[in-house]
file entry_13.csv (CSV, C-alpha atoms)
chain,number,residue,atom,x,y,z
A,212,MET,CA,-1.9,-51.4,48.3
A,213,THR,CA,-1.1,-49.7,45.0
A,214,GLU,CA,0.6,-46.4,44.4
A,215,THR,CA,-0.6,-44.2,41.5
A,216,THR,CA,1.4,-41.2,40.2
A,217,ILE,CA,-0.7,-38.5,38.4
A,218,GLY,CA,1.2,-36.0,36.2
A,219,ILE,CA,-0.4,-32.7,35.4
A,220,GLY,CA,0.7,-31.2,32.1
A,221,GLY,CA,3.8,-33.3,32.0
A,222,ALA,CA,3.1,-34.6,28.5
A,223,ALA,CA,2.9,-31.2,27.1
A,224,GLU,CA,6.2,-29.9,28.4
A,225,SER,CA,8.2,-31.6,25.6
A,226,THR,CA,5.5,-31.3,22.9
A,227,ASP,CA,5.3,-28.5,20.3
A,228,MET,CA,1.9,-27.0,19.9
A,229,VAL,CA,0.6,-26.1,16.4
A,230,LEU,CA,-1.7,-23.0,16.6
A,231,ASN,CA,-3.7,-21.4,13.8
A,232,ILE,CA,-4.1,-17.7,13.9
A,233,GLY,CA,-6.9,-17.0,11.5
A,234,PRO,CA,-8.2,-17.1,8.9
A,235,GLN,CA,-10.8,-15.2,11.0
A,236,HIS,CA,-8.9,-13.4,13.7
A,237,PRO,CA,-8.9,-9.8,15.0
A,238,SER,CA,-5.2,-9.3,14.4
A,239,THR,CA,-4.9,-10.4,10.7
A,240,HIS,CA,-6.2,-7.3,8.7
A,241,GLY,CA,-8.5,-9.7,6.9
A,242,VAL,CA,-8.7,-13.3,5.8
A,243,LEU,CA,-5.1,-14.4,6.5
A,244,ARG,CA,-4.1,-17.6,8.3
A,245,LEU,CA,-0.9,-18.0,10.2
A,246,ARG,CA,0.1,-21.5,11.1
A,247,ILE,CA,2.6,-21.3,14.0
A,248,VAL,CA,4.4,-23.9,16.0
A,249,LEU,CA,5.0,-23.0,19.6
A,250,ASP,CA,7.3,-24.2,22.2
A,251,GLY,CA,5.6,-22.8,25.3
A,252,GLU,CA,5.3,-19.1,24.6
A,253,ARG,CA,7.9,-18.9,22.0
A,254,VAL,CA,7.3,-19.3,18.2
A,255,GLN,CA,9.4,-22.0,16.7
A,256,HIS,CA,8.1,-21.9,13.1
A,257,ALA,CA,5.6,-19.7,11.2
A,258,GLU,CA,3.9,-20.2,7.9
A,259,PRO,CA,1.5,-17.7,6.3
A,260,VAL,CA,-1.3,-19.6,4.6
A,261,ILE,CA,-2.8,-17.4,1.8
A,262,GLY,CA,-5.4,-17.7,-0.8
A,263,TYR,CA,-8.7,-17.4,1.1
A,264,MET,CA,-9.7,-14.3,-0.9
A,265,HIS,CA,-8.2,-15.3,-4.2
A,266,ARG,CA,-10.4,-14.0,-7.1
A,267,GLY,CA,-8.2,-14.9,-10.0
A,268,ALA,CA,-7.8,-11.3,-11.1
A,269,GLU,CA,-4.9,-12.1,-13.5
A,270,LYS,CA,-7.1,-14.5,-15.5
A,271,LEU,CA,-10.0,-12.1,-15.4
A,272,PHE,CA,-7.7,-9.4,-17.0
A,273,GLU,CA,-7.6,-11.7,-20.1
A,274,ALA,CA,-11.4,-11.6,-20.5
A,275,ARG,CA,-11.8,-7.8,-20.3
A,276,ASP,CA,-10.8,-5.0,-22.7
A,277,TYR,CA,-8.3,-2.3,-21.9
A,278,ARG,CA,-11.0,0.0,-20.5
A,279,GLN,CA,-12.6,-2.6,-18.3
A,280,ILE,CA,-9.4,-4.0,-16.7
A,281,VAL,CA,-9.0,-0.7,-14.8
A,282,MET,CA,-11.9,-1.8,-12.6
A,283,LEU,CA,-10.1,-5.1,-11.7
A,284,ALA,CA,-6.8,-3.4,-11.0
A,285,ASN,CA,-8.5,-0.9,-8.8
A,286,ARG,CA,-9.6,-3.5,-6.2
A,287,HIS,CA,-6.8,-5.7,-5.1
A,288,ASP,CA,-5.4,-3.2,-2.6
A,289,TRP,CA,-8.5,-1.4,-1.5
A,290,LEU,CA,-6.5,1.2,0.5
A,291,SER,CA,-4.5,2.2,-2.6
A,292,ALA,CA,-7.1,2.1,-5.4
A,293,PHE,CA,-5.9,5.1,-7.3
A,294,SER,CA,-2.3,3.9,-7.4
A,295,ASN,CA,-3.4,0.5,-8.6
A,296,GLU,CA,-5.3,2.0,-11.5
A,297,LEU,CA,-2.3,4.1,-12.3
A,298,GLY,CA,0.0,1.1,-12.9
A,299,VAL,CA,-2.2,-0.6,-15.3
A,300,VAL,CA,-3.0,2.4,-17.4
A,301,MET,CA,0.7,3.4,-17.5
A,302,ALA,CA,1.4,-0.1,-18.9
A,303,VAL,CA,-1.2,0.2,-21.7
A,304,GLU,CA,0.0,3.8,-22.5
A,305,ARG,CA,3.5,2.5,-22.8
A,306,MET,CA,2.4,-0.2,-25.2
A,307,LEU,CA,0.6,2.4,-27.3
A,308,GLY,CA,3.5,4.9,-27.2
A,309,MET,CA,0.9,7.4,-25.9
A,310,GLU,CA,1.8,10.8,-24.4
A,311,VAL,CA,-0.4,11.9,-21.6
A,312,PRO,CA,-1.4,15.7,-21.4
A,313,GLU,CA,0.7,17.7,-18.8
A,314,ARG,CA,-2.4,18.6,-16.7
A,315,ALA,CA,-3.3,14.9,-16.4
A,316,VAL,CA,0.3,14.1,-15.3
A,317,TRP,CA,0.3,16.6,-12.5
A,318,THR,CA,-3.2,15.8,-11.4
A,319,ARG,CA,-2.4,12.1,-11.3
A,320,THR,CA,0.7,12.8,-9.2
A,321,LEU,CA,-1.4,14.9,-6.8
A,322,LEU,CA,-4.1,12.2,-6.5
A,323,ALA,CA,-1.5,9.5,-6.0
A,324,GLU,CA,0.0,11.3,-3.1
A,325,LEU,CA,-3.4,12.0,-1.5
A,326,ASN,CA,-4.1,8.3,-1.9
A,327,ARG,CA,-0.8,7.5,-0.2
A,328,VAL,CA,-1.7,9.7,2.8
A,329,LEU,CA,-5.1,7.9,3.0
A,330,ASN,CA,-3.4,4.5,3.0
A,331,HIS,CA,-0.8,5.5,5.6
A,332,LEU,CA,-3.3,7.1,7.9
A,333,MET,CA,-5.3,3.9,8.1
A,334,PHE,CA,-2.2,2.0,9.4
A,335,LEU,CA,-1.1,4.9,11.7
A,336,GLY,CA,-4.4,4.6,13.4
A,337,SER,CA,-4.9,0.8,13.3
A,338,TYR,CA,-1.5,-0.3,14.4
A,339,PRO,CA,-1.7,1.3,17.9
A,340,LEU,CA,-5.2,-0.2,18.1
A,341,GLU,CA,-3.8,-3.7,17.7
A,342,LEU,CA,-1.4,-3.0,20.6
A,343,GLY,CA,-4.2,-1.8,22.9
A,344,GLY,CA,-4.3,2.0,22.2
A,345,ILE,CA,-7.8,2.9,20.9
A,346,THR,CA,-7.5,6.7,20.7
A,347,PRO,CA,-5.2,7.2,17.6
A,348,VAL,CA,-7.7,5.4,15.2
A,349,PHE,CA,-10.3,8.1,15.9
A,350,HIS,CA,-7.8,10.8,15.0
A,351,ALA,CA,-6.8,8.9,11.9
A,352,PHE,CA,-10.3,8.6,10.6
A,353,ARG,CA,-11.0,12.3,11.2
A,354,GLU,CA,-8.0,13.1,9.0
A,355,ARG,CA,-9.0,10.5,6.4
A,356,GLU,CA,-12.5,12.0,6.1
A,357,GLU,CA,-11.1,15.4,5.2
A,358,LEU,CA,-9.1,13.9,2.3
A,359,GLN,CA,-11.9,11.5,1.4
A,360,ALA,CA,-14.2,14.4,0.8
A,361,VAL,CA,-12.0,16.0,-1.9
A,362,MET,CA,-11.3,12.6,-3.5
A,363,GLU,CA,-15.0,11.8,-3.6
A,364,GLU,CA,-15.7,15.2,-5.0
A,365,VAL,CA,-13.4,14.8,-8.0
A,366,SER,CA,-14.0,11.1,-8.7
A,367,GLY,CA,-17.4,10.2,-7.2
A,368,GLY,CA,-15.9,7.3,-5.3
A,369,ARG,CA,-14.7,6.9,-1.7
A,370,MET,CA,-12.6,3.8,-2.0
A,371,HIS,CA,-12.7,2.7,-5.7
A,372,TYR,CA,-12.2,5.9,-7.5
A,373,MET,CA,-12.1,4.6,-11.1
A,374,PHE,CA,-10.7,8.0,-12.2
A,375,ASN,CA,-7.8,6.9,-14.3
A,376,ARG,CA,-8.3,6.3,-18.0
A,377,VAL,CA,-5.9,5.2,-20.7
A,378,GLY,CA,-4.6,8.5,-22.0
A,379,GLY,CA,-5.3,10.6,-18.9
A,380,LEU,CA,-8.2,11.0,-16.4
A,381,LYS,CA,-11.9,10.5,-16.6
A,382,GLU,CA,-12.7,14.3,-16.6
A,383,ASP,CA,-11.4,17.6,-15.4
A,384,THR,CA,-11.4,18.7,-11.8
A,385,PRO,CA,-14.4,20.7,-10.5
A,386,ALA,CA,-14.2,24.5,-10.2
A,387,GLY,CA,-12.5,25.5,-6.9
A,388,TRP,CA,-11.4,21.9,-6.2
A,389,THR,CA,-7.7,22.7,-5.9
A,390,ARG,CA,-8.4,25.3,-3.3
A,391,ARG,CA,-10.4,22.8,-1.2
A,392,VAL,CA,-7.6,20.2,-1.6
A,393,ARG,CA,-5.1,22.8,-0.3
A,394,ASP,CA,-7.3,23.5,2.7
A,395,ALA,CA,-7.7,19.8,3.5
A,396,VAL,CA,-3.9,19.2,3.2
A,397,ALA,CA,-3.2,22.1,5.6
A,398,SER,CA,-5.8,20.9,8.0
A,399,VAL,CA,-4.4,17.3,8.1
A,400,ARG,CA,-0.9,18.6,8.4
A,401,SER,CA,-1.8,20.8,11.4
A,402,ARG,CA,-2.9,17.7,13.4
A,403,MET,CA,-0.2,15.2,12.5
A,404,ASP,CA,1.7,15.9,15.7
A,405,VAL,CA,-0.9,13.8,17.4
A,406,TYR,CA,0.9,10.7,16.2
A,407,GLU,CA,4.2,12.0,17.3
A,408,ASN,CA,3.0,12.9,20.8
A,409,LEU,CA,0.3,10.3,21.4
A,410,VAL,CA,1.8,7.3,19.8
A,411,LEU,CA,5.6,7.7,19.5
A,412,GLY,CA,5.7,9.5,22.8
A,413,ASN,CA,4.0,6.6,24.6
A,414,GLU,CA,6.4,4.5,26.6
A,415,ILE,CA,4.2,1.5,26.4
A,416,PHE,CA,4.1,1.7,22.6
A,417,ARG,CA,7.9,2.1,22.4
A,418,GLY,CA,8.4,-0.8,24.8
A,419,ARG,CA,6.2,-3.1,22.6
A,420,THR,CA,7.9,-2.2,19.3
A,421,ARG,CA,11.5,-1.3,19.9
A,422,ASP,CA,13.9,-4.2,19.0
A,423,VAL,CA,10.9,-6.4,18.2
A,424,GLY,CA,10.6,-8.1,14.8
A,425,VAL,CA,14.0,-6.9,13.5
A,426,LEU,CA,14.2,-7.5,9.7
A,427,SER,CA,17.7,-7.4,8.2
A,428,ALA,CA,18.5,-5.7,4.9
A,429,GLU,CA,19.7,-9.1,3.6
A,430,ALA,CA,16.2,-10.6,4.3
A,431,VAL,CA,14.6,-7.6,2.6
A,432,HIS,CA,16.5,-8.4,-0.6
A,433,ALA,CA,16.0,-12.1,-0.3
A,434,TYR,CA,12.2,-11.9,0.0
A,435,GLY,CA,11.7,-9.0,-2.4
A,436,VAL,CA,10.3,-6.7,0.4
A,437,SER,CA,9.7,-3.1,-0.7
A,438,GLY,CA,8.1,0.1,0.5
A,439,PRO,CA,8.3,1.6,4.0
A,440,ILE,CA,9.1,-1.9,5.5
A,441,ALA,CA,12.2,-2.2,3.3
A,442,ARG,CA,13.3,1.4,4.0
A,443,ALA,CA,13.0,0.9,7.7
A,444,SER,CA,15.7,-1.8,7.4
A,445,GLY,CA,18.0,0.6,5.6
A,446,VAL,CA,17.2,-0.4,2.0
A,447,ASP,CA,17.2,3.1,0.4
A,448,PHE,CA,15.0,2.4,-2.7
A,449,ASP,CA,12.0,4.4,-3.9
A,450,LEU,CA,10.9,4.2,-7.5
A,451,ARG,CA,9.7,7.8,-7.4
A,452,ARG,CA,13.3,8.9,-7.0
A,453,ASP,CA,15.2,6.1,-8.6
A,454,GLU,CA,13.1,5.6,-11.7
A,455,PRO,CA,10.9,8.6,-11.9
A,456,TYR,CA,7.4,8.4,-13.5
A,457,LEU,CA,4.5,10.9,-13.7
A,458,ALA,CA,5.9,14.3,-12.4
A,459,TYR,CA,8.2,12.9,-9.8
A,460,GLY,CA,11.3,13.8,-11.8
A,461,GLU,CA,10.4,17.5,-11.3
A,462,LEU,CA,9.7,17.0,-7.6
A,463,ARG,CA,13.2,15.8,-6.6
A,464,ASP,CA,13.7,18.8,-4.3
A,465,THR,CA,10.5,18.1,-2.4
A,466,LEU,CA,10.6,14.2,-2.4
A,467,LYS,CA,12.3,12.8,0.7
A,468,VAL,CA,12.9,9.1,0.9
A,469,VAL,CA,12.6,8.2,4.6
A,470,THR,CA,14.9,5.4,5.9
A,471,ARG,CA,15.9,3.9,9.2
A,472,THR,CA,18.5,1.3,10.0
A,473,GLU,CA,17.0,-0.5,13.0
A,474,GLY,CA,14.5,-2.6,11.0
A,475,ASP,CA,12.2,-3.1,14.0
A,476,CYS,CA,8.5,-2.5,14.4
A,477,LEU,CA,9.2,1.0,15.8
A,478,ALA,CA,11.3,1.9,12.8
A,479,ARG,CA,8.6,0.8,10.4
A,480,PHE,CA,6.0,3.0,12.1
A,481,GLU,CA,8.4,6.0,12.1
A,482,CYS,CA,9.0,5.5,8.4
A,483,LEU,CA,5.3,5.4,7.7
A,484,LEU,CA,4.7,8.6,9.7
A,485,GLU,CA,7.5,10.6,8.1
A,486,GLN,CA,6.4,9.4,4.6
A,487,THR,CA,2.9,10.7,5.3
A,488,LEU,CA,4.3,14.1,6.1
A,489,ASN,CA,6.4,14.1,3.0
A,490,SER,CA,3.4,13.1,0.9
A,491,LEU,CA,1.5,16.2,2.2
A,492,ASP,CA,4.5,18.3,1.1
A,493,LEU,CA,4.4,16.7,-2.4
A,494,ALA,CA,0.7,17.4,-2.6
A,495,ASP,CA,1.3,21.1,-2.0
A,496,ALA,CA,4.1,21.1,-4.6
A,497,CYS,CA,1.7,19.6,-7.1
A,498,LEU,CA,-0.9,22.2,-6.3
A,499,ASP,CA,1.6,25.0,-6.8
A,500,ARG,CA,2.6,23.7,-10.2
A,501,MET,CA,-1.0,23.0,-11.3
A,502,ALA,CA,-1.9,26.7,-10.5
A,503,GLY,CA,0.6,27.8,-13.2
A,504,LEU,CA,-0.4,25.4,-15.9
A,505,ALA,CA,-2.2,26.7,-19.0
A,506,PRO,CA,-5.7,25.4,-19.8
A,507,GLY,CA,-5.6,22.2,-21.8
A,508,PRO,CA,-7.0,18.7,-22.1
A,509,ILE,CA,-7.0,16.2,-19.2
A,510,ASN,CA,-7.1,13.1,-21.5
A,511,GLN,CA,-6.5,11.8,-25.0
A,512,ARG,CA,-9.3,10.9,-27.4
A,513,LEU,CA,-9.3,7.2,-27.9
A,514,PRO,CA,-10.8,5.0,-30.7
A,515,LYS,CA,-14.1,3.2,-29.9
A,516,VAL,CA,-12.2,-0.2,-29.8
A,517,LEU,CA,-8.8,0.2,-28.2
A,518,LYS,CA,-6.2,-2.4,-29.2
A,519,ALA,CA,-2.6,-2.5,-27.9
A,520,PRO,CA,0.0,-3.5,-30.5
A,521,GLU,CA,1.7,-6.9,-30.3
A,522,GLY,CA,4.5,-7.0,-27.7
A,523,HIS,CA,5.1,-6.8,-24.0
A,524,THR,CA,6.0,-4.2,-21.4
A,525,TYR,CA,6.5,-3.9,-17.6
A,526,ALA,CA,5.3,-0.8,-15.7
A,527,TRP,CA,6.0,-0.5,-12.0
A,528,THR,CA,5.0,2.2,-9.5
A,529,GLU,CA,5.9,3.0,-5.9
A,530,ASN,CA,2.5,2.2,-4.3
A,531,PRO,CA,1.9,3.2,-0.7
A,532,LEU,CA,2.8,-0.4,0.5
A,533,GLY,CA,5.7,-1.0,-1.9
A,534,VAL,CA,6.6,-1.8,-5.5
A,535,ASN,CA,3.5,-2.6,-7.6
A,536,GLY,CA,4.2,-3.9,-11.1
A,537,TYR,CA,2.2,-5.0,-14.2
A,538,TYR,CA,3.7,-7.2,-16.9
A,539,LEU,CA,1.5,-6.8,-19.9
A,540,VAL,CA,1.7,-9.1,-22.9
A,541,SER,CA,-0.4,-8.2,-26.0
A,542,LYS,CA,-1.2,-10.2,-29.2
A,543,GLY,CA,-2.7,-7.1,-30.8
A,544,GLU,CA,-6.2,-7.7,-29.6
A,545,LYS,CA,-8.6,-5.6,-27.5
A,546,THR,CA,-7.9,-7.7,-24.4
A,547,PRO,CA,-4.5,-8.5,-22.8
A,548,TYR,CA,-3.0,-11.9,-23.7
A,549,ARG,CA,-1.5,-11.9,-20.2
A,550,LEU,CA,-1.3,-9.4,-17.4
A,551,LYS,CA,0.8,-10.5,-14.5
A,552,LEU,CA,0.5,-8.4,-11.3
A,553,ARG,CA,3.4,-8.1,-8.9
A,554,SER,CA,1.8,-6.8,-5.7
A,555,ALA,CA,3.7,-5.3,-2.7
A,556,SER,CA,1.9,-7.2,0.1
A,557,PHE,CA,2.5,-10.6,-1.5
A,558,ASN,CA,6.2,-10.3,-1.1
A,559,ASN,CA,6.2,-8.4,2.1
A,560,ILE,CA,4.1,-11.0,4.0
A,561,GLN,CA,6.6,-13.7,3.2
A,562,ALA,CA,9.0,-12.1,5.6
A,563,LEU,CA,6.9,-13.4,8.4
A,564,THR,CA,8.6,-16.7,8.1
A,565,GLU,CA,11.9,-14.9,8.9
A,566,LEU,CA,10.5,-12.5,11.5
A,567,LEU,CA,8.4,-14.7,13.8
A,568,PRO,CA,10.6,-17.7,14.8
A,569,GLY,CA,12.2,-17.0,18.2
A,570,THR,CA,9.7,-14.3,19.2
A,571,LEU,CA,7.1,-14.5,21.9
A,572,VAL,CA,3.4,-15.0,21.1
A,573,ALA,CA,2.7,-11.7,22.7
A,574,ASP,CA,5.0,-10.0,20.1
A,575,MET,CA,3.4,-11.8,17.2
A,576,VAL,CA,0.6,-9.3,16.8
A,577,ALA,CA,3.0,-6.4,17.0
A,578,ILE,CA,5.1,-7.8,14.3
A,579,LEU,CA,2.2,-8.8,12.1
A,580,GLY,CA,0.6,-5.4,12.3
A,581,SER,CA,3.9,-3.6,11.5
A,582,LEU,CA,4.1,-5.2,8.1
A,583,PHE,CA,1.2,-3.0,6.8
A,584,PHE,CA,-0.3,-5.3,4.3
A,585,VAL,CA,-3.7,-5.7,2.7
A,586,VAL,CA,-5.0,-9.2,2.2
A,587,GLY,CA,-6.6,-8.6,-1.2
A,588,ASP,CA,-3.2,-7.4,-2.4
A,589,ILE,CA,-1.7,-10.8,-1.3
A,590,ASP,CA,-4.4,-13.0,-2.8
A,591,LYS,CA,-5.3,-11.0,-5.9
call {"tool": "encode", "arguments": {"input": "entry_13.csv", "output": "structure tokens"}}
result
Amino acid sequence: MTETTIGIGGAAESTDMVLNIGPQHPSTHGVLRLRIVLDGERVQHAEPVIGYMHRGAEKLFEARDYRQIVMLANRHDWLSAFSNELGVVMAVERMLGMEVPERAVWTRTLLAELNRVLNHLMFLGSYPLELGGITPVFHAFREREELQAVMEEVSGGRMHYMFNRVGGLKEDTPAGWTRRVRDAVASVRSRMDVYENLVLGNEIFRGRTRDVGVLSAEAVHAYGVSGPIARASGVDFDLRRDEPYLAYGELRDTLKVVTRTEGDCLARFECLLEQTLNSLDLADACLDRMAGLAPGPINQRLPKVLKAPEGHTYAWTENPLGVNGYYLVSKGEKTPYRLKLRSASFNNIQALTELLPGTLVADMVAILGSLFFVVGDIDK
């Protein structure tokens, strides 16, 4: 007579499991792959694997002239298209030593803040959705549609506005447009308490996000994290205030840099919400100033072939998701010799290697969603 011992699952108890989240997965905001090593339900190691959407934008910049590169810059963060265009035209204008008309400066500032609200509303709606709350996303898209309508009216585009030009903007705003913008801003502001009551007032949401995914200020500096994610960890840095561009120097009294010290998922969501409210205030301040401006040009006349003088410059802006920078090198030709893009999401997503180890698989989606990234902005 022989005796046989059968073990069920015994071999797996001391074995780490490697799990791929993505590249096609509902929680990844796009084509991102997370390679995580699990010990039971706890994450031991996490590695973001990027590059699935890589289009080589930085090399394509070198084969396009200074008018055409605006189209490429527009697309890497598809939720912040206007702000992306702004950075690249500011770099070219700086190389040329070009002054932009005052009306263009204030209109650019207004459109940049409207674009910021559109970006933030997407995440204010989609983040609760990832945690199981479907209602907020319907509210977010209703608000977005009101602002999209005025953005589409002025530029002709809903996502890729293509409204910036070297020297100003494509054309003047339509008659009565500023009044319609003011109405849209007031309408959106009147319903923003939905996110305060429906999301932040929800004990399940707070339970899933408080003290989860805590990012230290030291890690923020080490990984080059910026934007609302950095400010939620107590890093008080905002280019609009600290190195003003466009009309932000004159909006100091209205601009409020929102910070938190907790550094968790809840703090990141709260920063995003308060930043949205402040952007609506900034939009109103821009409209007030634009109402008092004298009639004038909205752009500069440019030569048929635009060439930047030989040299190099770096222009950075406070994009909705963080610091966005363009390092432009010119050899005096009509195309850039090099144009290096520093995108916010690329640096921010690296912090996952710091945030995920030691957390539960159930909290992984909450942490991932709270980083508010766009995959095209990572892969470029």
call {"tool": "residues_near_point", "arguments": {"input": "entry_13.csv", "point": "(4.5, -14.6, 4.6)", "cutoff": "12 Å", "atoms": "all atoms listed in the file", "output": "count of residues only"}}
result
36
call {"tool": "atom_distance", "arguments": {"input": "entry_13.csv", "atom1": "CA of Arg305 in chain A", "atom2": "CA of Ala519 in chain A"}}
result
9.4 Å
call {"tool": "closest_residue", "arguments": {"input": "entry_13.csv", "among": "A:Ser554, A:Asn530, A:Asn330, A:Thr524", "to": "Leu307 in chain A", "atoms": "all atoms listed in the file"}}
result
A:Thr524
call {"tool": "atom_distance", "arguments": {"input": "entry_13.csv", "atom1": "CA of Leu491 in chain A", "atom2": "CA of Pro506 in chain A"}}
result
24.9 Å
call {"tool": "closest_atom_pairs", "arguments": {"input": "entry_13.csv", "of": "range 374-446 of chain A", "to": "range 473-488 of chain A", "cutoff": "6 Å", "atoms": "only C-alpha atoms", "output": "JSON lines"}}
result
{"residue": "A:Thr420", "atom": "CA", "partner": "A:Leu477", "partner_atom": "CA", "distance": 4.9}
{"residue": "A:Arg421", "atom": "CA", "partner": "A:Leu477", "partner_atom": "CA", "distance": 5.2}
{"residue": "A:Asp422", "atom": "CA", "partner": "A:Asp475", "partner_atom": "CA", "distance": 5.4}
{"residue": "A:Val423", "atom": "CA", "partner": "A:Asp475", "partner_atom": "CA", "distance": 5.5}
{"residue": "A:Gly424", "atom": "CA", "partner": "A:Asp475", "partner_atom": "CA", "distance": 5.3}
{"residue": "A:Val425", "atom": "CA", "partner": "A:Asp475", "partner_atom": "CA", "distance": 4.2}
{"residue": "A:Leu426", "atom": "CA", "partner": "A:Gly474", "partner_atom": "CA", "distance": 5.1}
{"residue": "A:Pro439", "atom": "CA", "partner": "A:Cys482", "partner_atom": "CA", "distance": 5.9}
{"residue": "A:Ile440", "atom": "CA", "partner": "A:Arg479", "partner_atom": "CA", "distance": 5.6}
{"residue": "A:Ala443", "atom": "CA", "partner": "A:Gly474", "partner_atom": "CA", "distance": 5.0}
{"residue": "A:Ser444", "atom": "CA", "partner": "A:Gly474", "partner_atom": "CA", "distance": 3.9}
call {"tool": "atom_distance", "arguments": {"input": "entry_13.csv", "atom1": "CA of Val396 in chain A", "atom2": "CA of Asp288 in chain A"}}
result
23.2 Å
call {"tool": "closest_residue", "arguments": {"input": "entry_13.csv", "among": "A:Glu252, A:Glu269, A:Glu296, A:Glu310", "to": "Val229 in chain A", "atoms": "all atoms listed in the file"}}
result
A:Glu252
call {"tool": "residues_around", "arguments": {"input": "entry_13.csv", "residues": "Met301 in chain A", "least_positions_apart": "6", "cutoff": "12 Å", "atoms": "all atoms listed in the file", "output": "PDB file with C-alpha atoms, keeping the file's coordinate frame"}}
result
ATOM      1  CA  TYR A 277      -8.300  -2.300 -21.900  1.00  0.00           C
ATOM      2  CA  VAL A 281      -9.000  -0.700 -14.800  1.00  0.00           C
ATOM      3  CA  SER A 294      -2.300   3.900  -7.400  1.00  0.00           C
ATOM      4  CA  ASN A 295      -3.400   0.500  -8.600  1.00  0.00           C
ATOM      5  CA  LEU A 307       0.600   2.400 -27.300  1.00  0.00           C
ATOM      6  CA  GLY A 308       3.500   4.900 -27.200  1.00  0.00           C
ATOM      7  CA  MET A 309       0.900   7.400 -25.900  1.00  0.00           C
ATOM      8  CA  GLU A 310       1.800  10.800 -24.400  1.00  0.00           C
ATOM      9  CA  VAL A 311      -0.400  11.900 -21.600  1.00  0.00           C
ATOM     10  CA  VAL A 316       0.300  14.100 -15.300  1.00  0.00           C
ATOM     11  CA  ARG A 319      -2.400  12.100 -11.300  1.00  0.00           C
ATOM     12  CA  ASN A 375      -7.800   6.900 -14.300  1.00  0.00           C
ATOM     13  CA  ARG A 376      -8.300   6.300 -18.000  1.00  0.00           C
ATOM     14  CA  VAL A 377      -5.900   5.200 -20.700  1.00  0.00           C
ATOM     15  CA  GLY A 378      -4.600   8.500 -22.000  1.00  0.00           C
ATOM     16  CA  GLY A 379      -5.300  10.600 -18.900  1.00  0.00           C
ATOM     17  CA  LEU A 380      -8.200  11.000 -16.400  1.00  0.00           C
ATOM     18  CA  TYR A 456       7.400   8.400 -13.500  1.00  0.00           C
ATOM     19  CA  LEU A 457       4.500  10.900 -13.700  1.00  0.00           C
ATOM     20  CA  THR A 524       6.000  -4.200 -21.400  1.00  0.00           C
ATOM     21  CA  TYR A 525       6.500  -3.900 -17.600  1.00  0.00           C
ATOM     22  CA  ALA A 526       5.300  -0.800 -15.700  1.00  0.00           C
ATOM     23  CA  TRP A 527       6.000  -0.500 -12.000  1.00  0.00           C
ATOM     24  CA  THR A 528       5.000   2.200  -9.500  1.00  0.00           C
ATOM     25  CA  ASN A 535       3.500  -2.600  -7.600  1.00  0.00           C
ATOM     26  CA  GLY A 536       4.200  -3.900 -11.100  1.00  0.00           C
ATOM     27  CA  TYR A 537       2.200  -5.000 -14.200  1.00  0.00           C
ATOM     28  CA  TYR A 538       3.700  -7.200 -16.900  1.00  0.00           C
ATOM     29  CA  LEU A 539       1.500  -6.800 -19.900  1.00  0.00           C
TER      30      LEU A 539
END
call {"tool": "closest_residue", "arguments": {"input": "entry_13.csv", "among": "A:Ile345, A:Leu322, A:Met333, A:Val516", "to": "Thr389 in chain A", "atoms": "only C-alpha atoms"}}
result
A:Leu322
call {"tool": "closest_residue", "arguments": {"input": "entry_13.csv", "among": "A:Gly387, A:Leu504, A:Val576, A:Arg549", "to": "Arg419 in chain A", "atoms": "all atoms listed in the file"}}
result
A:Val576
call {"tool": "closest_residue", "arguments": {"input": "entry_13.csv", "among": "A:Lys551, A:Arg327, A:Lys515, A:His287", "to": "Met264 in chain A", "atoms": "only C-alpha atoms"}}
result
A:His287
call {"tool": "closest_residue", "arguments": {"input": "entry_13.csv", "among": "A:Arg314, A:Arg266, A:Arg369, A:Arg553", "to": "Ser437 in chain A", "atoms": "only C-alpha atoms"}}
result
A:Arg553
call {"tool": "residues_around", "arguments": {"input": "entry_13.csv", "residues": "Pro520 in chain A", "least_positions_apart": "5", "cutoff": "9 Å", "atoms": "only C-alpha atoms", "output": "list in words"}}
result
Met306, Leu307, Ser541, Lys542, Gly543 and Glu544 of chain A
call {"tool": "residues_around", "arguments": {"input": "entry_13.csv", "residues": "range 347-357 of chain A", "least_positions_apart": "6", "cutoff": "12 Å", "atoms": "all atoms listed in the file", "output": "number ranges by chain"}}
result
A: 290, 325-341, 363-364, 369-370, 391-411, 413, 416, 484, 487
